[in-house]
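Below is upload29.txt, which holds compact mmCIF, C-alpha atoms.
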# COMPACT_ATOMS: atom_id res chain seq x y z
CA MET A 24 5.65 26.17 6.50
CA VAL A 25 3.44 28.03 8.95
CA TYR A 26 2.94 25.50 11.76
CA HIS A 27 4.95 22.43 12.71
CA LYS A 28 4.44 20.77 16.07
CA ALA A 29 4.19 17.22 17.45
CA PHE A 30 1.60 15.99 19.94
CA GLY A 31 0.99 12.87 22.01
CA SER A 32 3.07 9.77 22.55
CA PHE A 33 3.87 6.54 20.75
CA ASP A 34 1.21 4.54 22.60
CA TYR A 35 -1.36 4.98 25.34
CA ASP A 36 0.94 3.94 28.22
CA SER A 37 4.21 5.36 26.96
CA LEU A 38 6.18 8.42 27.96
CA ASP A 39 7.92 8.25 24.57
CA ALA A 40 6.72 11.51 23.07
CA THR A 41 5.96 11.87 19.40
CA ARG A 42 8.65 14.00 17.75
CA LEU A 43 8.75 16.22 14.68
CA ASN A 44 10.77 13.56 12.87
CA SER A 45 8.54 10.62 13.87
CA ILE A 46 7.62 8.37 10.95
CA PHE A 47 3.98 7.35 10.51
CA ASP A 48 2.16 4.60 8.65
CA LEU A 49 0.24 6.67 6.08
CA ALA A 50 -2.42 3.99 5.53
CA SER A 51 -4.78 4.97 2.68
CA VAL A 52 -2.97 8.26 2.12
CA THR A 53 -0.70 5.90 0.15
CA LYS A 54 -3.32 5.94 -2.60
CA THR A 55 -2.75 9.61 -3.40
CA SER A 56 0.86 9.93 -2.22
CA ALA A 57 2.24 7.05 -4.28
CA VAL A 58 -0.09 5.69 -6.92
CA THR A 59 -2.31 8.63 -7.91
CA VAL A 60 0.64 10.98 -8.42
CA SER A 61 2.39 8.23 -10.41
CA ILE A 62 -0.62 7.74 -12.67
CA MET A 63 -0.90 11.54 -13.07
CA LYS A 64 2.75 11.76 -14.11
CA MET A 65 2.45 8.92 -16.60
CA ALA A 66 -0.71 10.41 -18.09
CA GLU A 67 1.02 13.79 -18.37
CA GLN A 68 3.93 12.12 -20.17
CA GLY A 69 1.57 10.35 -22.56
CA LYS A 70 2.58 6.91 -21.32
CA ILE A 71 -0.98 5.98 -20.34
CA ASP A 72 -4.46 7.03 -21.43
CA LEU A 73 -7.07 7.24 -18.69
CA LYS A 74 -9.81 6.44 -21.21
CA LYS A 75 -8.24 3.07 -22.00
CA LYS A 76 -9.22 -0.21 -20.39
CA LEU A 77 -7.49 -2.21 -17.71
CA SER A 78 -6.78 -5.02 -20.18
CA ASP A 79 -4.86 -2.59 -22.40
CA TYR A 80 -2.18 -2.41 -19.72
CA LEU A 81 -2.61 -5.64 -17.76
CA PRO A 82 -3.08 -8.56 -20.19
CA PHE A 83 -3.77 -10.99 -17.32
CA THR A 84 -7.15 -9.29 -16.82
CA LYS A 85 -8.37 -9.96 -20.39
CA LYS A 86 -10.57 -12.95 -19.65
CA THR A 87 -11.98 -11.54 -16.43
CA ASN A 88 -14.83 -9.21 -15.50
CA LYS A 89 -12.21 -6.48 -14.91
CA ALA A 90 -11.01 -6.33 -18.55
CA ASN A 91 -13.22 -3.44 -19.69
CA LEU A 92 -12.88 -1.23 -16.64
CA THR A 93 -11.39 2.12 -17.60
CA LEU A 94 -8.50 3.68 -15.75
CA GLU A 95 -10.57 6.82 -15.27
CA ASN A 96 -13.36 4.96 -13.48
CA ILE A 97 -10.86 3.03 -11.40
CA LEU A 98 -9.21 6.27 -10.25
CA LEU A 99 -12.62 7.72 -9.39
CA HIS A 100 -13.65 4.64 -7.40
CA GLN A 101 -16.58 4.07 -9.70
CA ALA A 102 -15.35 1.02 -11.60
CA GLY A 103 -17.82 -1.19 -9.73
CA MET A 104 -15.33 -3.24 -7.74
CA VAL A 105 -15.97 -4.36 -4.18
CA SER A 106 -14.45 -2.14 -1.53
CA PHE A 107 -12.41 -4.68 0.40
CA ILE A 108 -11.47 -8.35 0.49
CA GLY A 109 -10.31 -9.84 3.80
CA PHE A 110 -7.44 -11.86 2.34
CA TYR A 111 -5.81 -12.43 5.72
CA LYS A 112 -8.83 -14.33 7.03
CA GLU A 113 -7.88 -17.27 4.81
CA THR A 114 -4.45 -17.40 6.42
CA ILE A 115 -5.58 -17.78 10.04
CA ASP A 116 -7.16 -20.67 11.90
CA SER A 117 -10.44 -20.76 13.82
CA ASN A 118 -8.70 -19.22 16.86
CA GLY A 119 -7.42 -16.27 14.86
CA ASN A 120 -3.82 -17.46 14.76
CA PRO A 121 -1.58 -17.69 11.66
CA ARG A 122 -1.84 -21.11 10.00
CA PRO A 123 1.49 -22.94 10.45
CA GLU A 124 1.56 -24.23 6.88
CA LEU A 125 1.49 -20.65 5.58
CA TYR A 126 3.77 -18.84 8.04
CA ARG A 127 7.21 -19.11 9.61
CA SER A 128 8.66 -17.18 12.56
CA SER A 129 11.86 -16.36 10.64
CA PRO A 130 12.68 -15.95 6.95
CA GLN A 131 13.23 -19.29 5.23
CA GLU A 132 13.35 -20.47 1.66
CA GLY A 133 9.91 -19.83 0.19
CA PHE A 134 8.84 -17.83 3.26
CA THR A 135 10.40 -14.38 2.97
CA THR A 136 7.32 -12.15 2.77
CA GLN A 137 7.41 -10.25 6.06
CA VAL A 138 3.94 -9.58 7.45
CA ALA A 139 5.02 -8.41 10.93
CA ARG A 140 7.79 -8.94 13.46
CA ASP A 141 8.77 -12.64 13.47
CA LEU A 142 6.04 -13.50 10.97
CA TYR A 143 6.80 -14.47 7.36
CA LEU A 144 4.21 -15.57 4.81
CA ARG A 145 4.71 -18.18 2.13
CA ASN A 146 5.81 -16.25 -0.96
CA ASP A 147 3.41 -17.81 -3.43
CA TRP A 148 0.39 -16.67 -1.42
CA LYS A 149 0.55 -13.39 -3.36
CA ASP A 150 -0.91 -15.36 -6.27
CA THR A 151 -3.94 -16.13 -4.12
CA ILE A 152 -4.46 -12.42 -3.47
CA TRP A 153 -4.60 -11.71 -7.19
CA LYS A 154 -6.85 -14.70 -7.81
CA ARG A 155 -9.35 -13.41 -5.23
CA ILE A 156 -9.29 -9.91 -6.71
CA LEU A 157 -9.77 -11.17 -10.27
CA GLU A 158 -12.65 -13.42 -9.22
CA SER A 159 -14.43 -10.73 -7.18
CA PRO A 160 -17.72 -9.34 -8.53
CA VAL A 161 -18.24 -6.00 -10.24
CA VAL A 162 -21.33 -3.92 -10.80
CA PRO A 163 -21.78 -1.68 -13.90
CA GLN A 164 -19.01 0.91 -13.89
CA GLY A 165 -19.75 4.60 -13.70
CA LYS A 166 -23.05 4.02 -11.89
CA LYS A 167 -21.96 4.09 -8.28
CA TYR A 168 -19.14 5.48 -6.14
CA GLU A 169 -17.58 2.71 -4.01
CA TYR A 170 -14.32 3.53 -2.25
CA SER A 171 -12.17 0.50 -2.99
CA ASP A 172 -8.74 -0.82 -2.08
CA ASN A 173 -8.97 -3.21 -5.01
CA ASP A 174 -8.96 -0.32 -7.47
CA PHE A 175 -5.48 0.57 -6.29
CA TRP A 176 -4.09 -2.94 -6.42
CA PHE A 177 -4.57 -2.65 -10.18
CA LEU A 178 -3.30 0.91 -10.48
CA GLY A 179 -0.13 0.02 -8.59
CA LYS A 180 0.41 -2.90 -10.95
CA ILE A 181 -0.04 -0.57 -13.95
CA VAL A 182 2.65 1.74 -12.59
CA GLU A 183 5.01 -1.22 -12.39
CA THR A 184 4.10 -2.57 -15.83
CA VAL A 185 4.42 0.75 -17.67
CA SER A 186 7.55 1.94 -15.85
CA GLY A 187 9.31 -1.43 -15.73
CA LYS A 188 10.17 -0.74 -12.08
CA PRO A 189 8.79 -2.01 -8.77
CA LEU A 190 6.27 0.48 -7.37
CA GLU A 191 8.46 1.36 -4.38
CA GLN A 192 11.40 2.19 -6.69
CA TYR A 193 9.36 4.21 -9.18
CA VAL A 194 7.97 6.56 -6.53
CA GLN A 195 11.41 7.03 -5.01
CA ASP A 196 12.98 7.90 -8.35
CA SER A 197 10.11 10.07 -9.57
CA PHE A 198 9.09 11.95 -6.42
CA TYR A 199 10.67 11.26 -3.06
CA ILE A 200 14.34 11.51 -4.00
CA PRO A 201 13.96 14.66 -6.20
CA LEU A 202 11.89 16.31 -3.44
CA TYR A 203 14.36 15.27 -0.70
CA MET A 204 11.59 13.34 1.08
CA LYS A 205 14.16 11.32 3.00
CA THR A 206 11.72 9.39 5.18
CA ALA A 207 9.03 8.67 2.59
CA GLY A 208 8.79 5.16 1.22
CA TYR A 209 7.68 1.60 1.73
CA ARG A 210 9.23 -0.88 4.21
CA PRO A 211 10.78 1.72 6.53
CA LEU A 212 12.63 -0.83 8.67
CA GLU A 213 15.04 -1.29 5.78
CA ARG A 214 16.12 2.35 6.26
CA PHE A 215 15.27 3.50 9.78
CA PRO A 216 15.51 2.18 13.36
CA LEU A 217 12.31 0.97 14.99
CA TYR A 218 12.28 3.73 17.64
CA GLU A 219 11.73 6.40 14.96
CA ILE A 220 8.51 4.77 13.71
CA VAL A 221 5.17 5.33 15.45
CA PRO A 222 3.20 2.13 16.26
CA SER A 223 -0.23 1.81 14.65
CA GLU A 224 -2.05 -0.80 16.76
CA LYS A 225 -1.60 -3.45 19.41
CA GLU A 226 -3.34 -6.15 17.42
CA THR A 227 -5.14 -9.03 19.07
CA GLY A 228 -5.75 -11.77 16.55
CA PHE A 229 -3.89 -12.50 13.31
CA ARG A 230 -0.48 -10.94 14.06
CA ASN A 231 -1.00 -10.80 17.84
CA GLN A 232 1.52 -8.04 18.52
CA LEU A 233 2.20 -4.32 18.50
CA ILE A 234 2.34 -3.33 14.83
CA GLN A 235 5.35 -1.05 14.50
CA GLY A 236 7.52 -0.60 11.44
CA THR A 237 5.48 -2.95 9.27
CA VAL A 238 2.30 -1.87 7.54
CA HIS A 239 -0.90 -2.07 9.55
CA ASP A 240 -3.18 -2.81 6.57
CA GLU A 241 -3.57 -6.59 6.40
CA GLY A 242 -3.75 -6.80 2.61
CA ALA A 243 -0.66 -4.67 2.08
CA ALA A 244 1.12 -6.72 4.74
CA LEU A 245 0.35 -9.95 2.87
CA GLY A 246 1.78 -8.27 -0.21
CA GLY A 247 5.11 -7.81 1.55
CA GLY A 248 4.50 -4.24 2.69
CA VAL A 249 4.08 -2.72 -0.77
CA ALA A 250 0.68 -2.09 -2.34
CA GLY A 251 -1.13 0.62 -4.22
CA HIS A 252 -3.64 1.25 -1.46
CA ALA A 253 -1.41 1.14 1.65
CA GLY A 254 2.14 0.60 2.84
CA LEU A 255 3.71 4.04 2.58
CA PHE A 256 5.44 5.62 5.59
CA SER A 257 6.67 9.20 6.08
CA THR A 258 7.08 12.07 8.47
CA ALA A 259 4.47 14.82 8.28
CA TYR A 260 7.13 17.29 7.10
CA ASP A 261 8.22 15.15 4.14
CA LEU A 262 4.64 14.42 3.15
CA GLY A 263 3.97 18.15 3.09
CA LYS A 264 6.64 18.57 0.40
CA LEU A 265 4.74 16.35 -2.01
CA TYR A 266 1.50 18.25 -1.65
CA GLN A 267 3.23 21.63 -1.79
CA MET A 268 4.62 20.50 -5.13
CA LEU A 269 1.07 19.88 -6.35
CA LEU A 270 -0.13 23.21 -4.97
CA ASN A 271 2.72 24.85 -6.88
CA GLY A 272 1.46 23.26 -10.10
CA GLU A 273 4.71 21.34 -10.55
CA SER A 274 5.32 17.69 -11.44
Translate this file's structure into structure tokens.
Amino acid sequence: MVYHKAFGSFDYDSLDATRLNSIFDLASVTKTSAVTVSIMKMAEQGKIDLKKKLSDYLPFTKKTNKANLTLENILLHQAGMVSFIGFYKETIDSNGNPRPELYRSSPQEGFTTQVARDLYLRNDWKDTIWKRILESPVVPQGKKYEYSDNDFWFLGKIVETVSGKPLEQYVQDSFYIPLYMKTAGYRPLERFPLYEIVPSEKETGFRNQLIQGTVHDEGAALGGGVAGHAGLFSTAYDLGKLYQMLLNGES
């Protein structure tokens, strides 16, 4: 470690200074810090083959236009999938507010998927997310680079299928716990007080609140805070441990 300093404050109007142990929403850094390293480890162990097709690991893709996409092309963002699907737009009304038939203000039976503070989505809406991804178009793979969140929905699911563990548990067991990355992980409010977590946005529309402690990415939020493309939280110091491991050539 050659330089370690915190700057700024938790929001534009606050005197609450950012600290060295402040926990951040890592956004798309989740892709490399959770899923990519997991896929690398599994490939190194011979548990997956990057030349194989998506349908070899996820049978539910067999009758879709995603079946023949290779893991290698998916990792390289050249599988031909669209970059982003605005899932959340289907869950809000014309005024931008959460639809009452899909959300509750407190956890209830069938509504335990936390999207933000005092906002819980109907659990079975996750099936709609997958339906939209599976029905989305693809262009010929290997022809074009298109940075895509959808690529990592599938890769995260492969990690779970091959390991037999939820994604959040696999990365803890394989990386964060062995590396003593105490703050790294999904759903930080289950482990840390709100005041230790830096807010990401004061959102107007959809969640209509300061997003703090729950993932900012709308798609990952609808997935309950855990996804291959977003949802990870960590301090800068703990995140540095993971990448120092890679620089050291370790696994």
Check the smallest atom-to-atom distance from each of A:Gly242, A:Leu43, A:Gly179, A:Asn91 to Tyr26 of chain A using all atoms listed in the file, then report the winner.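 Closest candidate: A:Leu43.
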Skip segment 108-123 of chain A itself and residues of its chain fewer than 4 positions away, then list as a PyMOL selection string all residues within 8 Å of it, counting all atoms listed in the file. chain A and resi 127+152+155-156+173+228-231+241-242+245
Quick check, in Å to one decimal: how far apart do atom CA of Leu270 of chain A and atom CA of Val52 of chain A lie?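 Between atom CA of Leu270 of chain A and atom CA of Val52 of chain A the gap is 16.8 Å.
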In Å, with one decimal, what is the gap from atom CA of Ile97 of chain A to atom CA of Gln195 of chain A?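 One can read the atom CA of Ile97 of chain A to atom CA of Gln195 of chain A distance as 23.5 Å.
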Nearby residues (all atoms listed in the file) at most 9 Å from segment 58-68 of chain A, same-chain spacing under 3 positions excluded, as a PyMOL selection string: chain A and resi 53-55+71-73+98+175+178-179+181-182+185-186+190+193-194+197-198+251-252+274
Given the selection you just returned, output its residues as a file containing C-alpha atoms, formatted as an mmCIF file, in the coordinates of the input.
data_model
loop_
_atom_site.group_PDB
_atom_site.id
_atom_site.type_symbol
_atom_site.label_atom_id
_atom_site.label_comp_id
_atom_site.auth_asym_id
_atom_site.auth_seq_id
_atom_site.Cartn_x
_atom_site.Cartn_y
_atom_site.Cartn_z
ATOM 1 C CA THR A 53 -0.700 5.900 0.150
ATOM 2 C CA LYS A 54 -3.320 5.940 -2.600
ATOM 3 C CA THR A 55 -2.750 9.610 -3.400
ATOM 4 C CA ILE A 71 -0.980 5.980 -20.340
ATOM 5 C CA ASP A 72 -4.460 7.030 -21.430
ATOM 6 C CA LEU A 73 -7.070 7.240 -18.690
ATOM 7 C CA LEU A 98 -9.210 6.270 -10.250
ATOM 8 C CA PHE A 175 -5.480 0.570 -6.290
ATOM 9 C CA LEU A 178 -3.300 0.910 -10.480
ATOM 10 C CA GLY A 179 -0.130 0.020 -8.590
ATOM 11 C CA ILE A 181 -0.040 -0.570 -13.950
ATOM 12 C CA VAL A 182 2.650 1.740 -12.590
ATOM 13 C CA VAL A 185 4.420 0.750 -17.670
ATOM 14 C CA SER A 186 7.550 1.940 -15.850
ATOM 15 C CA LEU A 190 6.270 0.480 -7.370
ATOM 16 C CA TYR A 193 9.360 4.210 -9.180
ATOM 17 C CA VAL A 194 7.970 6.560 -6.530
ATOM 18 C CA SER A 197 10.110 10.070 -9.570
ATOM 19 C CA PHE A 198 9.090 11.950 -6.420
ATOM 20 C CA GLY A 251 -1.130 0.620 -4.220
ATOM 21 C CA HIS A 252 -3.640 1.250 -1.460
ATOM 22 C CA SER A 274 5.320 17.690 -11.440
#
Local residues around (-9.3, 5.0, -14.0), at most 9 Å away, using only C-alpha atoms, as a list in words: Leu73, Lys74, Lys75, Lys76, Leu77, Leu92, Thr93, Leu94, Glu95, Asn96, Ile97, Leu98, Leu99, His100, Gln101, Ala102, Asp174 and Leu178 of chain A
Selection: 7 Å around Val138 of chain A, all atoms listed in the file, excl. self and same-chain fewer than 6 positions, as a list of chain:residue names: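 Here the qualifying residues turn out to be A:Leu144, A:Ala244, A:Leu245, A:Gly247.
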Using all atoms listed in the file, which protein or nucleic acid residues come within 12 Å of Asp147 of chain A? Drop anything in the same chain fewer than 2 positions from it, and give the result as a list in words.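 The residues satisfying every condition are Leu125, Tyr126, Glu132, Gly133, Phe134, Thr135, Thr136, Tyr143, Leu144, Arg145, Lys149, Asp150, Thr151, Ile152, Trp153, Lys154, Leu245, Gly246 and Gly247 of chain A.
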Take the residues from that selection and put them in a file with C-alpha atoms, as a CSV table (one decimal), in the frame of the given file.
chain,number,residue,atom,x,y,z
A,125,LEU,CA,1.5,-20.6,5.6
A,126,TYR,CA,3.8,-18.8,8.0
A,132,GLU,CA,13.4,-20.5,1.7
A,133,GLY,CA,9.9,-19.8,0.2
A,134,PHE,CA,8.8,-17.8,3.3
A,135,THR,CA,10.4,-14.4,3.0
A,136,THR,CA,7.3,-12.2,2.8
A,143,TYR,CA,6.8,-14.5,7.4
A,144,LEU,CA,4.2,-15.6,4.8
A,145,ARG,CA,4.7,-18.2,2.1
A,149,LYS,CA,0.6,-13.4,-3.4
A,150,ASP,CA,-0.9,-15.4,-6.3
A,151,THR,CA,-3.9,-16.1,-4.1
A,152,ILE,CA,-4.5,-12.4,-3.5
A,153,TRP,CA,-4.6,-11.7,-7.2
A,154,LYS,CA,-6.8,-14.7,-7.8
A,245,LEU,CA,0.4,-10.0,2.9
A,246,GLY,CA,1.8,-8.3,-0.2
A,247,GLY,CA,5.1,-7.8,1.6
A:Ile200, A:Val105, A:Val238, A:Ala90: which is nearest Tyr168 of chain A, counting all atoms listed in the file?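 Of A:Ile200, A:Val105, A:Val238, A:Ala90, the one nearest Tyr168 of chain A is A:Val105, counting all atoms listed in the file.
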Compare A:Ser51, A:Gln137, A:Asn44, A:Thr184 by their minimum atom-to-atom distance to Gly248 of chain A, counting all atoms listed in the file, and give me the closest one.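 Ranking A:Ser51, A:Gln137, A:Asn44, A:Thr184 by distance to Gly248 of chain A, first place goes to A:Gln137.
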Could you tell me how far atom CA of Ser223 of chain A lies from atom CA of Glu169 of chain A, in Å and to one decimal?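 Distance reported for this atom pair: 25.5 Å.
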Could you check the closest approach to His27 of chain A for each of A:Gln164, A:Thr258, A:Asn271, A:Asn146 and tell me which residue wins, using only C-alpha atoms?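 Closest to His27 of chain A of all the choices is A:Thr258.
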